[in-house]
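Okay, work.txt is below, compact mmCIF, C-alpha atoms:
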```txt
# COMPACT_ATOMS: atom_id res chain seq x y z
CA MET A 1 -56.91 32.36 -56.95
CA SER A 2 -56.05 33.31 -53.36
CA SER A 3 -56.61 30.89 -50.48
CA PRO A 4 -59.62 31.51 -48.23
CA GLU A 5 -59.02 33.19 -44.85
CA PRO A 6 -58.73 30.61 -41.99
CA GLN A 7 -61.69 32.10 -40.08
CA HIS A 8 -63.99 31.45 -43.05
CA MET A 9 -63.00 27.78 -43.48
CA ASP A 10 -65.15 24.84 -42.45
CA PRO A 11 -63.70 22.76 -39.53
CA ALA A 12 -62.22 20.04 -41.74
CA SER A 13 -60.50 22.56 -44.00
CA LEU A 14 -59.30 24.54 -40.98
CA LEU A 15 -57.72 21.42 -39.50
CA ALA A 16 -55.99 20.64 -42.78
CA TRP A 17 -54.72 24.22 -42.93
CA HIS A 18 -53.22 23.98 -39.42
CA ILE A 19 -51.49 20.74 -40.34
CA ALA A 20 -50.09 22.34 -43.47
CA MET A 21 -48.73 25.19 -41.32
CA GLY A 22 -46.91 22.68 -39.08
CA ALA A 23 -49.32 22.57 -36.11
CA ASP A 24 -49.73 18.81 -36.22
CA GLU A 25 -49.78 18.02 -32.48
CA ALA A 26 -52.22 19.12 -29.79
CA ILE A 27 -51.01 19.27 -26.20
CA ASP A 28 -54.26 20.25 -24.53
CA ILE A 29 -57.95 20.51 -25.39
CA ASP A 30 -58.25 24.03 -23.96
CA PRO A 31 -56.41 27.07 -25.33
CA ILE A 32 -53.90 28.80 -23.03
CA ASP A 33 -53.11 32.49 -23.15
CA ARG A 34 -49.37 32.36 -22.57
CA PHE A 35 -49.10 36.17 -22.44
CA THR A 36 -50.88 36.36 -19.08
CA THR A 37 -48.71 36.34 -15.96
CA GLU A 38 -50.97 34.00 -14.04
CA VAL A 39 -50.23 30.98 -16.24
CA GLN A 40 -46.66 29.73 -15.73
CA ALA A 41 -46.90 26.26 -17.25
CA PRO A 42 -49.31 24.30 -19.40
CA VAL A 43 -52.03 22.36 -17.66
CA ILE A 44 -51.29 18.70 -18.23
CA ALA A 45 -53.76 17.09 -15.86
CA ARG A 46 -56.72 17.37 -18.27
CA GLN A 47 -55.32 15.56 -21.25
CA HIS A 48 -57.40 14.37 -24.15
CA PRO A 49 -58.52 10.76 -23.59
CA GLN A 50 -56.71 9.67 -26.72
CA ALA A 51 -53.49 11.53 -25.93
CA GLN A 52 -50.53 9.26 -25.31
CA LYS A 53 -48.32 9.57 -22.26
CA PRO A 54 -44.78 10.64 -23.04
CA ALA A 55 -42.26 7.80 -23.11
CA PRO A 56 -39.90 7.59 -20.14
CA PRO A 57 -36.41 8.98 -20.81
CA SER A 58 -33.91 6.45 -22.09
CA GLY A 59 -30.47 5.82 -20.64
CA PRO A 60 -29.26 5.52 -17.03
CA ARG A 61 -31.13 7.40 -14.37
CA PRO A 62 -29.13 10.06 -12.55
CA VAL A 63 -27.92 9.03 -9.11
CA ALA A 64 -27.83 11.60 -6.34
CA ALA A 65 -24.40 11.93 -4.74
CA LYS A 66 -24.18 10.75 -1.16
CA PRO A 67 -22.56 13.04 1.40
CA VAL A 68 -18.92 12.22 2.12
CA GLN A 69 -18.47 10.79 5.60
CA ALA A 70 -15.35 10.89 7.71
CA VAL A 71 -13.15 7.80 7.46
CA VAL A 72 -12.73 6.07 10.81
CA GLY A 73 -9.61 4.06 11.59
CA ALA A 74 -7.21 5.27 8.91
CA GLY A 75 -3.70 6.72 8.98
CA PRO A 76 -0.66 6.28 11.26
CA GLU A 77 -2.32 7.72 14.38
CA ALA A 78 -5.31 5.40 14.14
CA ALA A 79 -2.99 2.47 13.38
CA GLY A 80 -1.02 3.24 16.52
CA ARG A 81 -4.15 3.24 18.67
CA VAL A 82 -5.50 0.05 17.13
CA ALA A 83 -2.18 -1.79 17.36
CA ALA A 84 -1.62 -0.80 20.99
CA GLU A 85 -4.98 -2.31 21.97
CA ALA A 86 -3.99 -5.77 20.66
CA SER A 87 -2.67 -8.00 23.44
CA THR A 88 -2.16 -11.17 21.36
CA LEU A 89 -1.14 -12.02 17.82
CA GLU A 90 -4.71 -13.15 17.11
CA GLU A 91 -6.08 -9.79 18.25
CA LEU A 92 -3.49 -7.95 16.15
CA LYS A 93 -4.45 -9.96 13.09
CA ALA A 94 -8.14 -9.19 13.63
CA ALA A 95 -7.34 -5.50 14.13
CA MET A 96 -5.37 -5.33 10.88
CA GLU A 97 -8.13 -7.11 8.97
CA ALA A 98 -10.66 -4.56 10.28
CA PHE A 99 -8.40 -1.54 9.74
CA ASP A 100 -9.16 0.89 6.91
CA GLY A 101 -6.05 0.64 4.77
CA GLY A 102 -7.46 2.89 2.04
CA LEU A 103 -6.98 2.09 -1.64
CA LEU A 104 -3.96 -0.09 -0.78
CA LYS A 105 -6.13 -2.49 1.19
CA ARG A 106 -9.21 -2.28 -1.05
CA SER A 107 -7.14 -3.24 -4.11
CA ALA A 108 -5.74 -6.35 -2.39
CA LYS A 109 -7.45 -9.71 -2.09
CA ASN A 110 -6.16 -10.58 1.38
CA THR A 111 -4.54 -9.16 4.46
CA VAL A 112 -1.26 -11.11 4.55
CA PHE A 113 -0.54 -11.29 8.27
CA ALA A 114 2.08 -13.96 8.93
CA ASP A 115 3.16 -17.56 8.50
CA GLY A 116 5.36 -19.95 10.40
CA THR A 117 5.74 -20.58 14.14
CA PRO A 118 4.62 -17.83 16.54
CA GLY A 119 7.19 -17.30 19.27
CA ALA A 120 10.01 -18.66 17.10
CA PRO A 121 13.55 -17.35 17.73
CA ILE A 122 13.83 -16.01 14.17
CA MET A 123 11.41 -13.42 12.79
CA VAL A 124 11.67 -12.68 9.07
CA ILE A 125 10.28 -9.30 7.98
CA GLY A 126 9.97 -8.80 4.24
CA GLU A 127 8.65 -5.91 2.20
CA ALA A 128 5.11 -6.50 0.85
CA PRO A 129 3.07 -9.36 -0.61
CA GLY A 130 3.30 -10.24 -4.28
CA ALA A 131 0.62 -11.79 -6.46
CA ASP A 132 1.08 -15.31 -5.05
CA GLU A 133 1.06 -14.07 -1.47
CA ASP A 134 -1.99 -11.90 -2.06
CA ARG A 135 -3.87 -14.86 -3.54
CA GLU A 136 -2.98 -17.33 -0.77
CA GLY A 137 -2.95 -14.89 2.15
CA LYS A 138 0.53 -15.97 3.34
CA PRO A 139 3.95 -14.28 3.02
CA PHE A 140 6.76 -15.69 0.87
CA VAL A 141 4.93 -18.48 -0.94
CA GLY A 142 6.02 -17.72 -4.52
CA MET A 143 9.38 -18.37 -6.15
CA SER A 144 11.18 -15.99 -3.78
CA GLY A 145 9.53 -17.76 -0.84
CA GLN A 146 10.75 -21.12 -2.08
CA LEU A 147 14.29 -19.77 -2.25
CA LEU A 148 13.93 -18.32 1.25
CA ASP A 149 12.87 -21.73 2.55
CA LYS A 150 15.95 -23.31 0.93
CA ILE A 151 18.27 -20.73 2.49
CA LEU A 152 16.73 -21.24 5.92
CA GLY A 153 16.70 -25.01 5.52
CA ALA A 154 20.40 -25.11 4.68
CA ALA A 155 21.10 -23.92 8.23
CA GLY A 156 18.50 -26.13 9.89
CA PHE A 157 15.68 -23.57 10.10
CA SER A 158 12.12 -23.84 8.82
CA ARG A 159 8.87 -21.97 9.16
CA THR A 160 7.21 -25.08 10.56
CA GLU A 161 9.60 -25.24 13.55
CA ASN A 162 11.62 -22.15 14.38
CA VAL A 163 10.90 -19.30 11.94
CA TYR A 164 8.09 -16.73 11.96
CA ILE A 165 7.53 -14.70 8.76
CA THR A 166 5.72 -11.44 8.04
CA ASN A 167 6.04 -8.25 5.96
CA MET A 168 6.32 -4.52 6.52
CA VAL A 169 3.12 -4.05 4.48
CA PRO A 170 0.30 -6.62 4.79
CA TRP A 171 -1.46 -5.65 1.55
CA ARG A 172 -0.16 -6.05 -1.98
CA PRO A 173 0.56 -2.65 -3.61
CA LEU A 174 -0.95 -2.12 -7.05
CA GLY A 175 1.41 -3.38 -9.73
CA ASN A 176 3.81 -4.68 -7.06
CA ALA A 177 5.00 -1.12 -6.58
CA THR A 178 7.58 -0.37 -3.89
CA PRO A 179 5.74 0.87 -0.76
CA ASP A 180 6.14 4.62 -0.36
CA GLY A 181 6.83 6.55 2.82
CA ALA A 182 3.18 7.17 3.62
CA THR A 183 2.38 3.46 3.35
CA ILE A 184 5.31 2.52 5.58
CA ALA A 185 4.29 5.13 8.16
CA MET A 186 0.75 3.74 8.24
CA CYS A 187 1.93 0.14 8.68
CA MET A 188 4.83 0.76 11.09
CA PRO A 189 2.72 0.68 14.30
CA PHE A 190 1.41 -2.75 13.30
CA VAL A 191 4.93 -4.02 12.56
CA LYS A 192 6.35 -2.83 15.88
CA ARG A 193 3.44 -4.30 17.82
CA HIS A 194 3.88 -7.51 15.84
CA ILE A 195 7.51 -7.70 16.97
CA GLU A 196 6.55 -6.97 20.59
CA LEU A 197 4.01 -9.80 20.64
CA ALA A 198 6.15 -12.31 18.69
CA LYS A 199 9.20 -11.72 20.94
CA PRO A 200 11.90 -13.04 18.56
CA LYS A 201 15.58 -13.33 19.48
CA VAL A 202 16.74 -12.37 15.99
CA ILE A 203 15.09 -10.39 13.20
CA LEU A 204 16.00 -10.86 9.54
CA MET A 205 15.22 -7.64 7.66
CA VAL A 206 14.73 -9.00 4.16
CA GLY A 207 15.22 -6.38 1.47
CA GLY A 208 15.90 -2.67 1.42
CA VAL A 209 12.37 -1.54 2.31
CA SER A 210 12.21 -3.35 5.64
CA ALA A 211 15.85 -2.62 6.52
CA LYS A 212 15.62 1.12 5.89
CA ALA A 213 12.23 1.43 7.59
CA LEU A 214 13.15 -0.44 10.77
CA LEU A 215 16.61 1.12 11.04
CA GLY A 216 15.45 4.63 10.13
CA THR A 217 18.17 5.08 7.52
CA GLU A 218 18.48 5.95 3.86
CA GLU A 219 21.42 3.62 3.26
CA GLY A 220 20.84 1.01 0.58
CA ILE A 221 20.65 -2.72 1.19
CA THR A 222 24.03 -3.34 -0.48
CA ARG A 223 25.71 -1.26 2.26
CA LEU A 224 23.54 -2.54 5.10
CA ARG A 225 23.59 -6.25 4.22
CA GLY A 226 25.41 -8.53 6.63
CA ARG A 227 26.00 -5.88 9.32
CA TRP A 228 24.33 -6.67 12.65
CA LYS A 229 22.17 -3.94 14.17
CA GLU A 230 20.13 -3.66 17.35
CA LEU A 231 16.46 -2.69 17.38
CA ASP A 232 14.75 -1.24 20.44
CA ILE A 233 11.11 -2.29 20.12
CA GLY A 234 8.90 -1.60 23.13
CA GLY A 235 11.88 -1.84 25.47
CA GLN A 236 13.12 -5.08 23.89
CA LYS A 237 16.69 -5.09 22.53
CA ILE A 238 16.64 -7.37 19.50
CA ALA A 239 19.55 -8.28 17.21
CA ALA A 240 18.63 -7.55 13.58
CA LEU A 241 20.42 -8.43 10.36
CA PRO A 242 19.70 -6.84 6.96
CA VAL A 243 19.87 -9.41 4.14
CA TYR A 244 19.18 -9.50 0.43
CA HIS A 245 15.63 -10.21 -0.67
CA PRO A 246 15.26 -13.64 -2.33
CA ALA A 247 13.65 -11.96 -5.35
CA TYR A 248 16.88 -10.00 -5.80
CA LEU A 249 18.94 -13.18 -5.48
CA LEU A 250 16.83 -14.79 -8.21
CA ARG A 251 17.92 -11.96 -10.50
CA GLN A 252 21.50 -11.97 -9.20
CA PRO A 253 22.31 -15.65 -8.50
CA ALA A 254 26.01 -14.86 -8.05
CA LEU A 255 25.09 -13.20 -4.73
CA LYS A 256 23.59 -16.34 -3.19
CA GLY A 257 26.89 -16.91 -1.41
CA HIS A 258 26.17 -13.79 0.66
CA ALA A 259 22.84 -15.27 1.71
CA TRP A 260 24.62 -18.45 2.87
CA ARG A 261 27.10 -16.44 4.96
CA ASP A 262 24.26 -14.39 6.45
CA ILE A 263 22.20 -17.38 7.55
CA LEU A 264 25.30 -18.96 9.13
CA SER A 265 25.83 -15.68 10.98
CA VAL A 266 22.27 -15.97 12.31
CA LYS A 267 22.96 -19.50 13.49
CA ARG A 268 26.06 -18.34 15.38
CA LYS A 269 24.17 -15.45 16.93
CA LEU A 270 21.46 -17.75 18.26
CA SER A 271 24.00 -20.21 19.63
CA LEU A 272 25.49 -17.41 21.70
CA SER A 273 22.19 -16.06 23.01
```

What would you get if you wrote out this structure as structure tokens?
Amino acid sequence: MSSPEPQHMDPASLLAWHIAMGADEAIDIDPIDRFTTEVQAPVIARQHPQAQKPAPPSGPRPVAAKPVQAVVGAGPEAAGRVAAEASTLEELKAAMEAFDGGLLKRSAKNTVFADGTPGAPIMVIGEAPGADEDREGKPFVGMSGQLLDKILGAAGFSRTENVYITNMVPWRPLGNATPDGATIAMCMPFVKRHIELAKPKVILMVGGVSAKALLGTEEGITRLRGRWKELDIGGQKIAALPVYHPAYLLRQPALKGHAWRDILSVKRKLSLS
């Protein structure tokens, strides 16, 4: 026997028929003619009293992107302007701490400015902080720093009396990577201003990075080591000696004799000045 036509069914049977056909959810109590052009969306304001509100979407809410703003105080030109405005070592330190050093600075824990005695006759300039230096905020405090102190102490020098220590780069590079040319260019104005304000008689360029950067050469540290140079920094003529980095001497202990000869050479240079 054939099923009755829907229009001839009683309301209960008609509802059951709609459910059987898959229409098991009502979205509004009034019918909408979706073929008319005037109606663009279903009316949702007049919901059935028993209709449930849709659940809020799960997962993280989308975040609108903020407009990119220009970075102020970044790059070699900005570093030059900021460094030139510092008239004391304290002002230079504050300027470097406020400077936008990009990812290099943001990945470091501290700005490693200097350690030792300001105005000392010897200024040691290393390469960049390591993990120990980054954690403590002072240069040469790890194993290489301990060896440096022993080398200096053998000739009667110490950071507590007559040595002032800093680095070419004040922020630890990710993974202790060797600072690249762009990093050196950004930090160079700070280094030169640091030398001008510290006014040392002798500069020890510790490691190939500092020696090549300050001398403007591509020669390696093995060729430069032990050969006195002269730096012209802000009109100051300063004697400078490239020496092996203590970290290199820890790996090549047979070369420690060179470090002893170099520090004795520094002592003779100061006695003549």

Residue with smallest distance to Glu230 in chain A - pool A:Ile151, A:Ile263, A:Leu215, A:Ala128, counting all atoms listed in the file: A:Leu215

Nearest-residue call for Glu218 in chain A, choices A:Ala155, A:Pro129, A:Gly181, A:Lys150, using all atoms listed in the file: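 Looking only at the distances to Glu218 in chain A, the closest residue turns out to be A:Gly181.
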
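Take CA of Phe157 in chain A and CA of Arg135 in chain A: the distance between them is 25.4 Å.
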
Among listed residues A:Gln252, A:Ser87, A:Asn167, A:Ser144, nearest Ala114 in chain A (using all atoms listed in the file):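 The closest residue to Ala114 in chain A is A:Asn167.
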
Atomic separation - CA of Lys269 in chain A relative to CA of Leu92 in chain A, Å: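 Atom-to-atom, CA of Leu92 in chain A to CA of Lys269 in chain A, that is 28.7 Å.
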
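Atom pair CA of Gly257 in chain A / CA of Thr222 in chain A: separated by 13.9 Å.
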
Contacts of Val266 in chain A within 10 Å, only C-alpha atoms, excl. fewer than 4 positions in-chain, as a list in words: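 Near Val266 in chain A, the qualifying residues are Ile122, Leu152, Ala155, Val202, Ile203, Leu204, Gly226, Trp228, Ala239, Ala240, Leu241, Arg261, Asp262, Leu270 and Ser271 of chain A.
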
Keeping only C-alpha atoms, write the selected residues as a tab-separated table (two decimals), in the coordinates of the input.
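Done, and the output landed in out16.tsv:
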```
chain	number	residue	atom	x	y	z
A	122	ILE	CA	13.83	-16.01	14.17
A	152	LEU	CA	16.73	-21.24	5.92
A	155	ALA	CA	21.10	-23.92	8.23
A	202	VAL	CA	16.74	-12.37	15.99
A	203	ILE	CA	15.09	-10.39	13.20
A	204	LEU	CA	16.00	-10.86	9.54
A	226	GLY	CA	25.41	-8.53	6.63
A	228	TRP	CA	24.33	-6.67	12.65
A	239	ALA	CA	19.55	-8.28	17.21
A	240	ALA	CA	18.63	-7.55	13.58
A	241	LEU	CA	20.42	-8.43	10.36
A	261	ARG	CA	27.10	-16.44	4.96
A	262	ASP	CA	24.26	-14.39	6.45
A	270	LEU	CA	21.46	-17.75	18.26
A	271	SER	CA	24.00	-20.21	19.63
```

Using all atoms listed in the file, determine which residues lie at most 8 Å from Thr160 in chain A, disregarding the query and same-chain residues fewer than 2 positions distant; provide the list as a JSON list (two decimals) with C-alpha atoms, in the frame of the given file.
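What landed in around.json:
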```
[["chain", "number", "residue", "atom", "x", "y", "z"],
["A", 116, "GLY", "CA", 5.36, -19.95, 10.40],
["A", 117, "THR", "CA", 5.74, -20.58, 14.14],
["A", 158, "SER", "CA", 12.12, -23.84, 8.82],
["A", 162, "ASN", "CA", 11.62, -22.15, 14.38],
["A", 163, "VAL", "CA", 10.90, -19.30, 11.94]]
```

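Minimum atom-to-atom distances from A:Gly235, A:Ala12, A:Phe190, A:Met143 to Ala94 in chain A were compared using all atoms listed in the file, and the lowest value belongs to A:Phe190.
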
Counting all atoms listed in the file, the option among A:Glu133, A:Met186, A:Ala177, A:Met168 closest to Ala78 in chain A: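 That would be A:Met186, the residue with the smallest distance to Ala78 in chain A.
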
Name the residues in contact with Arg223 in chain A at a cut-off of 12 Å, using all atoms listed in the file, excluding same-chain residues fewer than 2 positions from it; report them as a compact mmCIF listing (two decimals) with C-alpha atoms, keeping the file's coordinate frame.
```
# COMPACT_ATOMS: atom_id res chain seq x y z
CA GLY A 207 15.22 -6.38 1.47
CA GLY A 208 15.90 -2.67 1.42
CA ALA A 211 15.85 -2.62 6.52
CA LYS A 212 15.62 1.12 5.89
CA THR A 217 18.17 5.08 7.52
CA GLU A 218 18.48 5.95 3.86
CA GLU A 219 21.42 3.62 3.26
CA GLY A 220 20.84 1.01 0.58
CA ILE A 221 20.65 -2.72 1.19
CA ARG A 225 23.59 -6.25 4.22
CA GLY A 226 25.41 -8.53 6.63
CA ARG A 227 26.00 -5.88 9.32
CA TRP A 228 24.33 -6.67 12.65
CA PRO A 242 19.70 -6.84 6.96
CA VAL A 243 19.87 -9.41 4.14
CA TYR A 244 19.18 -9.50 0.43
```
